[in-house]
Amino acid sequence: MEGILYLVSASPRRRELLKQIGVHFETLLLRSGPERGFDVDETPLPGEEAVRYAERIALAKANAGWKYLQQRGLPVHPVLGADTVVSLDGVIFGKPGSAENAVSMLRALSGREHEVITAVSIRVGERVELKISRSKVKFCELGEKEIRDYVQTGEPMDKAGGYAIQGRGARFVEFLQGSYSGVMGLPLFETAALLKEMGL
């Protein structure tokens, strides 16, 4: 099983981060649209805490990826699933569903400290392991024009919380405590630790 991993993600950031630490991988893309259905339902459960949500979705992605490779008769290799959420006052901010939703998220984050939680799960056979990264991020005060100009770039639309710390959104970040790569979408320390624990 050495030398390859299946990454269950369409995120170019996660691919970039895995490459950064020298992990060889192939990408598994799950169904995630109304026309084809969803392999993983990412709807938060009523009253679900952000950490439990991130854990549940990361595990669901790893399990769905494992099921996919079994169904397709693909070579058996470890499957990695991850999920990132932003939490503000206990409210989960996922990816914005529209430009106005992104504007609303950024307004809420303006001048505030929020938490970014990324869960990483790896499945090999019946063995499933998971780790969590939790980071604190504080935004400066954002003006309405600044928010709307940023949203018009399109960058916020596939990012949890409506911003990219590795992109133009970095200029809003006044303070970061935790994992930069975790805020990007894949905490490298935790990911490397998981791989090591599983003998990969």
# chains A, B, ... in the order shown; residues from 1 in each chain; ligands from 1

$ closest_atom_pairs --of "range 89-115 of chain A" --to "range 140-152 of chain A" --cutoff "7 Å" --atoms "only C-alpha atoms" --output "tab-separated table"
residue	atom	partner	partner_atom	distance
A:Ala99	CA	A:Val151	CA	6.4
A:Ala102	CA	A:Val151	CA	6.8
A:Val103	CA	A:Ile147	CA	6.3
A:Leu106	CA	A:Ile147	CA	6.7
A:Ser110	CA	A:Glu141	CA	4.9
A:Gly111	CA	A:Glu141	CA	4.2

$ residues_around --residues "range 11-23 of chain A" --least-positions-apart "3" --cutoff "10 Å" --atoms "only C-alpha atoms" --output "list in words"
Gly3, Ile4, Leu5, Leu7, Val8, Glu26, Thr27, Leu29, Ala82, Asp158, Lys159, Ala164, Gln166, Ser181, Gly182, Met184, Gly185, Leu186, Pro187, Leu188, Phe189, Thr191, Ala192, Leu195 and Leu200 of chain A

$ write_last_selection --atoms "C-alpha atoms" --output "tab-separated table (two decimals), in the first residue's frame"
chain	number	residue	atom	x	y	z
A	3	GLY	CA	3.38	5.20	-2.36
A	4	ILE	CA	-0.21	6.17	-3.05
A	5	LEU	CA	-3.28	7.58	-1.38
A	7	LEU	CA	-7.81	11.94	-1.84
A	8	VAL	CA	-11.59	12.38	-1.67
A	26	GLU	CA	-4.92	10.10	-6.88
A	27	THR	CA	-8.16	12.04	-6.60
A	29	LEU	CA	-14.47	12.80	-6.93
A	82	ALA	CA	-11.30	16.08	5.07
A	158	ASP	CA	-15.92	27.64	-2.79
A	159	LYS	CA	-14.31	28.48	0.55
A	164	ALA	CA	-9.23	32.20	1.21
A	166	GLN	CA	-3.90	31.79	0.86
A	181	SER	CA	-2.57	24.85	6.37
A	182	GLY	CA	-5.56	23.83	8.48
A	184	MET	CA	-6.45	26.45	3.98
A	185	GLY	CA	-8.21	23.10	4.22
A	186	LEU	CA	-5.72	20.38	5.19
A	187	PRO	CA	-3.65	20.62	8.39
A	188	LEU	CA	-0.29	19.17	7.40
A	189	PHE	CA	0.95	18.30	10.90
A	191	THR	CA	-2.23	14.70	8.22
A	192	ALA	CA	1.41	13.62	8.44
A	195	LEU	CA	-0.11	8.78	7.83
A	200	LEU	CA	2.03	4.87	5.42

$ residues_around --residues "Thr84 in chain A" --least-positions-apart "4" --cutoff "7 Å" --atoms "only C-alpha atoms" --output "ChimeraX atom specification"
/A:54,117-119,160,185

$ write_last_selection --atoms "C-alpha atoms" --output "short mmCIF file (atom, residue, chain, number, x, y, z; two decimals), in the first residue's frame"
data_model
loop_
_atom_site.label_atom_id
_atom_site.label_comp_id
_atom_site.auth_asym_id
_atom_site.auth_seq_id
_atom_site.Cartn_x
_atom_site.Cartn_y
_atom_site.Cartn_z
CA ALA A 54 -16.47 18.47 10.68
CA ILE A 117 -11.97 23.57 12.23
CA THR A 118 -10.59 20.98 9.85
CA ALA A 119 -11.10 17.27 10.39
CA ALA A 160 -15.64 27.77 4.03
CA GLY A 185 -8.21 23.10 4.22
#

$ closest_residue --among "A:Val173, A:Val120, A:Ala64, A:Val183" --to "Val40 in chain A" --atoms "only C-alpha atoms"
A:Ala64

$ select_by_dssp --residues "chain A" --states "alpha helix (DSSP H)" --output "CSV table (one decimal) with C-alpha atoms, in the first residue's frame"
chain,number,residue,atom,x,y,z
A,12,PRO,CA,-7.1,22.3,-5.4
A,13,ARG,CA,-5.8,23.6,-2.1
A,14,ARG,CA,-5.8,20.1,-0.6
A,15,ARG,CA,-4.0,18.7,-3.6
A,16,GLU,CA,-1.4,21.4,-3.4
A,17,LEU,CA,-0.9,20.8,0.3
A,18,LEU,CA,-0.5,17.0,-0.1
A,19,LYS,CA,2.1,17.6,-2.8
A,20,GLN,CA,3.9,20.0,-0.5
A,50,ALA,CA,-19.0,22.6,14.5
A,51,VAL,CA,-16.4,20.1,15.6
A,52,ARG,CA,-18.8,17.2,15.5
A,53,TYR,CA,-20.0,18.3,12.1
A,54,ALA,CA,-16.5,18.5,10.7
A,55,GLU,CA,-15.7,15.0,12.1
A,56,ARG,CA,-18.8,13.5,10.8
A,57,ILE,CA,-18.3,14.9,7.2
A,58,ALA,CA,-14.6,13.9,7.1
A,59,LEU,CA,-15.5,10.4,8.2
A,60,ALA,CA,-18.3,10.2,5.7
A,61,LYS,CA,-16.1,11.3,2.8
A,62,ALA,CA,-13.4,8.7,3.7
A,63,ASN,CA,-16.1,6.0,4.0
A,64,ALA,CA,-17.8,7.0,0.7
A,65,GLY,CA,-14.4,7.0,-1.0
A,66,TRP,CA,-13.6,3.5,0.3
A,67,LYS,CA,-17.0,2.3,-0.9
A,68,TYR,CA,-16.4,3.9,-4.3
A,69,LEU,CA,-13.1,2.2,-4.9
A,70,GLN,CA,-14.6,-1.1,-3.8
A,71,GLN,CA,-17.5,-0.7,-6.2
A,72,ARG,CA,-15.3,0.2,-9.1
A,99,ALA,CA,-22.7,36.1,-3.7
A,100,GLU,CA,-25.1,37.6,-1.2
A,101,ASN,CA,-24.5,34.7,1.2
A,102,ALA,CA,-20.7,35.4,1.0
A,103,VAL,CA,-21.3,39.1,1.7
A,104,SER,CA,-23.4,38.2,4.7
A,105,MET,CA,-20.7,35.8,6.0
A,106,LEU,CA,-17.9,38.4,5.6
A,107,ARG,CA,-20.0,41.1,7.3
A,108,ALA,CA,-20.5,38.7,10.3
A,109,LEU,CA,-16.7,37.9,10.4
A,144,GLU,CA,-19.1,47.3,2.7
A,145,LYS,CA,-17.3,48.2,-0.5
A,146,GLU,CA,-14.3,46.2,0.5
A,147,ILE,CA,-16.5,43.1,1.1
A,148,ARG,CA,-18.4,43.5,-2.1
A,149,ASP,CA,-15.2,44.1,-4.2
A,150,TYR,CA,-13.8,40.9,-2.7
A,151,VAL,CA,-16.9,38.8,-3.4
A,152,GLN,CA,-16.9,40.1,-7.0
A,180,TYR,CA,-2.2,28.0,8.5
A,181,SER,CA,-2.6,24.9,6.4
A,182,GLY,CA,-5.6,23.8,8.5
A,183,VAL,CA,-7.3,27.1,7.6
A,184,MET,CA,-6.4,26.5,4.0
A,188,LEU,CA,-0.3,19.2,7.4
A,189,PHE,CA,0.9,18.3,10.9
A,190,GLU,CA,-2.2,16.3,11.7
A,191,THR,CA,-2.2,14.7,8.2
A,192,ALA,CA,1.4,13.6,8.4
A,193,ALA,CA,0.8,12.2,11.9
A,194,LEU,CA,-2.1,10.2,10.7
A,195,LEU,CA,-0.1,8.8,7.8
A,196,LYS,CA,2.7,7.9,10.2
A,197,GLU,CA,0.3,6.2,12.7

$ residues_around --residues "Val124 in chain A" --least-positions-apart "5" --cutoff "7 Å" --atoms "only C-alpha atoms" --output "PDB file with C-alpha atoms, in the first residue's frame"
ATOM      1  CA  HIS A  77      -5.035   2.094  -1.145  1.00  0.00           C
ATOM      2  CA  PRO A  78      -5.762   4.340   1.876  1.00  0.00           C
ATOM      3  CA  VAL A  79      -8.545   6.890   1.425  1.00  0.00           C
TER       4      VAL A  79
END

$ closest_residue --among "A:Glu174, A:Asp83, A:Glu126, A:Asp41" --to "His114 in chain A" --atoms "only C-alpha atoms"
A:Glu174

$ residues_around --residues "Leu176 in chain A" --least-positions-apart "3" --cutoff "9 Å" --atoms "only C-alpha atoms" --output "PyMOL selection string"
chain A and resi 135-138+173+179-180

$ atom_distance --atom1 "CA of Arg134 in chain A" --atom2 "CA of Phe175 in chain A"
14.2 Å

$ closest_residue --among "A:Ala170, A:Val76, A:Leu28, A:Val116" --to "Gly90 in chain A" --atoms "only C-alpha atoms"
A:Val116

$ atom_distance --atom1 "CA of Tyr6 in chain A" --atom2 "CA of Val85 in chain A"
21.8 Å

$ closest_residue --among "A:Ile165, A:Met157, A:Ala10, A:Met198" --to "Ser98 in chain A" --atoms "only C-alpha atoms"
A:Met157

$ select_by_dssp --residues "range 56-105 of chain A" --states "strand (DSSP E)" --output "list in words"
Val79, Leu80, Gly81, Ala82, Asp83, Thr84, Val85, Val86, Ser87, Leu88, Val91, Ile92 and Phe93 of chain A

$ decode --residues "range 41-83 of chain A" --atoms "N, CA and C atoms" --output "PDB file, in the first residue's frame"
ATOM      1  N   ASP A  41     -24.054  13.787   2.209  1.00  0.00           N
ATOM      2  CA  ASP A  41     -24.952  14.904   2.517  1.00  0.00           C
ATOM      3  C   ASP A  41     -24.265  15.786   3.553  1.00  0.00           C
ATOM      4  N   GLU A  42     -23.921  17.004   3.157  1.00  0.00           N
ATOM      5  CA  GLU A  42     -23.167  17.895   4.036  1.00  0.00           C
ATOM      6  C   GLU A  42     -24.060  18.865   4.808  1.00  0.00           C
ATOM      7  N   THR A  43     -25.335  18.561   4.895  1.00  0.00           N
ATOM      8  CA  THR A  43     -26.252  19.404   5.652  1.00  0.00           C
ATOM      9  C   THR A  43     -26.015  19.221   7.150  1.00  0.00           C
ATOM     10  N   PRO A  44     -25.764  20.307   7.890  1.00  0.00           N
ATOM     11  CA  PRO A  44     -25.603  20.156   9.347  1.00  0.00           C
ATOM     12  C   PRO A  44     -26.872  19.620   9.990  1.00  0.00           C
ATOM     13  N   LEU A  45     -26.702  18.798  11.016  1.00  0.00           N
ATOM     14  CA  LEU A  45     -27.842  18.284  11.766  1.00  0.00           C
ATOM     15  C   LEU A  45     -28.329  19.360  12.742  1.00  0.00           C
ATOM     16  N   PRO A  46     -29.596  19.335  13.127  1.00  0.00           N
ATOM     17  CA  PRO A  46     -30.108  20.328  14.069  1.00  0.00           C
ATOM     18  C   PRO A  46     -29.283  20.361  15.356  1.00  0.00           C
ATOM     19  N   GLY A  47     -28.787  21.527  15.713  1.00  0.00           N
ATOM     20  CA  GLY A  47     -28.029  21.695  16.948  1.00  0.00           C
ATOM     21  C   GLY A  47     -26.629  21.104  16.928  1.00  0.00           C
ATOM     22  N   GLU A  48     -26.155  20.682  15.772  1.00  0.00           N
ATOM     23  CA  GLU A  48     -24.847  20.026  15.688  1.00  0.00           C
ATOM     24  C   GLU A  48     -23.719  21.027  15.903  1.00  0.00           C
ATOM     25  N   GLU A  49     -22.783  20.682  16.772  1.00  0.00           N
ATOM     26  CA  GLU A  49     -21.625  21.539  17.007  1.00  0.00           C
ATOM     27  C   GLU A  49     -20.666  21.456  15.827  1.00  0.00           C
ATOM     28  N   ALA A  50     -19.907  22.536  15.618  1.00  0.00           N
ATOM     29  CA  ALA A  50     -19.023  22.618  14.459  1.00  0.00           C
ATOM     30  C   ALA A  50     -17.991  21.493  14.425  1.00  0.00           C
ATOM     31  N   VAL A  51     -17.408  21.171  15.594  1.00  0.00           N
ATOM     32  CA  VAL A  51     -16.392  20.107  15.639  1.00  0.00           C
ATOM     33  C   VAL A  51     -17.001  18.759  15.280  1.00  0.00           C
ATOM     34  N   ARG A  52     -18.176  18.460  15.851  1.00  0.00           N
ATOM     35  CA  ARG A  52     -18.829  17.184  15.547  1.00  0.00           C
ATOM     36  C   ARG A  52     -19.207  17.117  14.068  1.00  0.00           C
ATOM     37  N   TYR A  53     -19.637  18.251  13.524  1.00  0.00           N
ATOM     38  CA  TYR A  53     -20.003  18.303  12.107  1.00  0.00           C
ATOM     39  C   TYR A  53     -18.792  17.997  11.228  1.00  0.00           C
ATOM     40  N   ALA A  54     -17.675  18.675  11.482  1.00  0.00           N
ATOM     41  CA  ALA A  54     -16.469  18.466  10.678  1.00  0.00           C
ATOM     42  C   ALA A  54     -16.008  17.015  10.762  1.00  0.00           C
ATOM     43  N   GLU A  55     -16.037  16.445  11.964  1.00  0.00           N
ATOM     44  CA  GLU A  55     -15.661  15.039  12.144  1.00  0.00           C
ATOM     45  C   GLU A  55     -16.574  14.121  11.333  1.00  0.00           C
ATOM     46  N   ARG A  56     -17.867  14.358  11.438  1.00  0.00           N
ATOM     47  CA  ARG A  56     -18.838  13.499  10.755  1.00  0.00           C
ATOM     48  C   ARG A  56     -18.652  13.535   9.236  1.00  0.00           C
ATOM     49  N   ILE A  57     -18.450  14.732   8.689  1.00  0.00           N
ATOM     50  CA  ILE A  57     -18.324  14.851   7.235  1.00  0.00           C
ATOM     51  C   ILE A  57     -16.997  14.282   6.742  1.00  0.00           C
ATOM     52  N   ALA A  58     -15.911  14.506   7.483  1.00  0.00           N
ATOM     53  CA  ALA A  58     -14.618  13.935   7.089  1.00  0.00           C
ATOM     54  C   ALA A  58     -14.688  12.410   7.072  1.00  0.00           C
ATOM     55  N   LEU A  59     -15.298  11.828   8.108  1.00  0.00           N
ATOM     56  CA  LEU A  59     -15.460  10.378   8.156  1.00  0.00           C
ATOM     57  C   LEU A  59     -16.355   9.877   7.028  1.00  0.00           C
ATOM     58  N   ALA A  60     -17.426  10.608   6.762  1.00  0.00           N
ATOM     59  CA  ALA A  60     -18.345  10.210   5.690  1.00  0.00           C
ATOM     60  C   ALA A  60     -17.649  10.229   4.332  1.00  0.00           C
ATOM     61  N   LYS A  61     -16.788  11.217   4.112  1.00  0.00           N
ATOM     62  CA  LYS A  61     -16.052  11.292   2.846  1.00  0.00           C
ATOM     63  C   LYS A  61     -15.077  10.124   2.706  1.00  0.00           C
ATOM     64  N   ALA A  62     -14.345   9.814   3.775  1.00  0.00           N
ATOM     65  CA  ALA A  62     -13.407   8.692   3.718  1.00  0.00           C
ATOM     66  C   ALA A  62     -14.149   7.383   3.483  1.00  0.00           C
ATOM     67  N   ASN A  63     -15.281   7.201   4.153  1.00  0.00           N
ATOM     68  CA  ASN A  63     -16.062   5.973   3.992  1.00  0.00           C
ATOM     69  C   ASN A  63     -16.678   5.876   2.597  1.00  0.00           C
ATOM     70  N   ALA A  64     -17.177   7.015   2.079  1.00  0.00           N
ATOM     71  CA  ALA A  64     -17.760   7.023   0.737  1.00  0.00           C
ATOM     72  C   ALA A  64     -16.687   6.740  -0.313  1.00  0.00           C
ATOM     73  N   GLY A  65     -15.487   7.285  -0.100  1.00  0.00           N
ATOM     74  CA  GLY A  65     -14.381   7.027  -1.018  1.00  0.00           C
ATOM     75  C   GLY A  65     -13.985   5.563  -1.020  1.00  0.00           C
ATOM     76  N   TRP A  66     -13.948   4.964   0.182  1.00  0.00           N
ATOM     77  CA  TRP A  66     -13.609   3.545   0.288  1.00  0.00           C
ATOM     78  C   TRP A  66     -14.649   2.687  -0.424  1.00  0.00           C
ATOM     79  N   LYS A  67     -15.923   3.028  -0.239  1.00  0.00           N
ATOM     80  CA  LYS A  67     -17.014   2.309  -0.901  1.00  0.00           C
ATOM     81  C   LYS A  67     -16.900   2.457  -2.425  1.00  0.00           C
ATOM     82  N   TYR A  68     -16.550   3.641  -2.878  1.00  0.00           N
ATOM     83  CA  TYR A  68     -16.419   3.908  -4.314  1.00  0.00           C
ATOM     84  C   TYR A  68     -15.333   3.039  -4.938  1.00  0.00           C
ATOM     85  N   LEU A  69     -14.181   2.973  -4.295  1.00  0.00           N
ATOM     86  CA  LEU A  69     -13.092   2.189  -4.896  1.00  0.00           C
ATOM     87  C   LEU A  69     -13.411   0.697  -4.872  1.00  0.00           C
ATOM     88  N   GLN A  70     -14.170   0.249  -3.859  1.00  0.00           N
ATOM     89  CA  GLN A  70     -14.603  -1.148  -3.818  1.00  0.00           C
ATOM     90  C   GLN A  70     -15.571  -1.444  -4.965  1.00  0.00           C
ATOM     91  N   GLN A  71     -16.520  -0.537  -5.163  1.00  0.00           N
ATOM     92  CA  GLN A  71     -17.521  -0.732  -6.216  1.00  0.00           C
ATOM     93  C   GLN A  71     -16.891  -0.729  -7.612  1.00  0.00           C
ATOM     94  N   ARG A  72     -15.889   0.114  -7.793  1.00  0.00           N
ATOM     95  CA  ARG A  72     -15.255   0.239  -9.100  1.00  0.00           C
ATOM     96  C   ARG A  72     -14.117  -0.757  -9.314  1.00  0.00           C
ATOM     97  N   GLY A  73     -13.802  -1.519  -8.304  1.00  0.00           N
ATOM     98  CA  GLY A  73     -12.722  -2.479  -8.432  1.00  0.00           C
ATOM     99  C   GLY A  73     -11.357  -1.828  -8.591  1.00  0.00           C
ATOM    100  N   LEU A  74     -11.186  -0.669  -7.983  1.00  0.00           N
ATOM    101  CA  LEU A  74      -9.912   0.051  -8.078  1.00  0.00           C
ATOM    102  C   LEU A  74      -8.889  -0.588  -7.133  1.00  0.00           C
ATOM    103  N   PRO A  75      -7.599  -0.388  -7.406  1.00  0.00           N
ATOM    104  CA  PRO A  75      -6.567  -0.908  -6.496  1.00  0.00           C
ATOM    105  C   PRO A  75      -6.793  -0.380  -5.084  1.00  0.00           C
ATOM    106  N   VAL A  76      -6.567  -1.218  -4.107  1.00  0.00           N
ATOM    107  CA  VAL A  76      -6.834  -0.859  -2.711  1.00  0.00           C
ATOM    108  C   VAL A  76      -5.675  -0.042  -2.147  1.00  0.00           C
ATOM    109  N   HIS A  77      -5.983   1.195  -1.791  1.00  0.00           N
ATOM    110  CA  HIS A  77      -5.035   2.094  -1.145  1.00  0.00           C
ATOM    111  C   HIS A  77      -5.788   2.895  -0.087  1.00  0.00           C
ATOM    112  N   PRO A  78      -5.096   3.521   0.856  1.00  0.00           N
ATOM    113  CA  PRO A  78      -5.762   4.340   1.876  1.00  0.00           C
ATOM    114  C   PRO A  78      -6.571   5.484   1.246  1.00  0.00           C
ATOM    115  N   VAL A  79      -7.653   5.823   1.908  1.00  0.00           N
ATOM    116  CA  VAL A  79      -8.545   6.890   1.425  1.00  0.00           C
ATOM    117  C   VAL A  79      -8.573   8.009   2.458  1.00  0.00           C
ATOM    118  N   LEU A  80      -8.333   9.234   2.011  1.00  0.00           N
ATOM    119  CA  LEU A  80      -8.317  10.397   2.902  1.00  0.00           C
ATOM    120  C   LEU A  80      -9.498  11.314   2.594  1.00  0.00           C
ATOM    121  N   GLY A  81     -10.248  11.632   3.632  1.00  0.00           N
ATOM    122  CA  GLY A  81     -11.335  12.606   3.532  1.00  0.00           C
ATOM    123  C   GLY A  81     -11.095  13.731   4.524  1.00  0.00           C
ATOM    124  N   ALA A  82     -11.486  14.934   4.168  1.00  0.00           N
ATOM    125  CA  ALA A  82     -11.296  16.085   5.066  1.00  0.00           C
ATOM    126  C   ALA A  82     -12.466  17.045   4.922  1.00  0.00           C
ATOM    127  N   ASP A  83     -12.689  17.803   5.976  1.00  0.00           N
ATOM    128  CA  ASP A  83     -13.738  18.827   5.919  1.00  0.00           C
ATOM    129  C   ASP A  83     -13.324  20.027   6.758  1.00  0.00           C
TER     130      ASP A  83
END
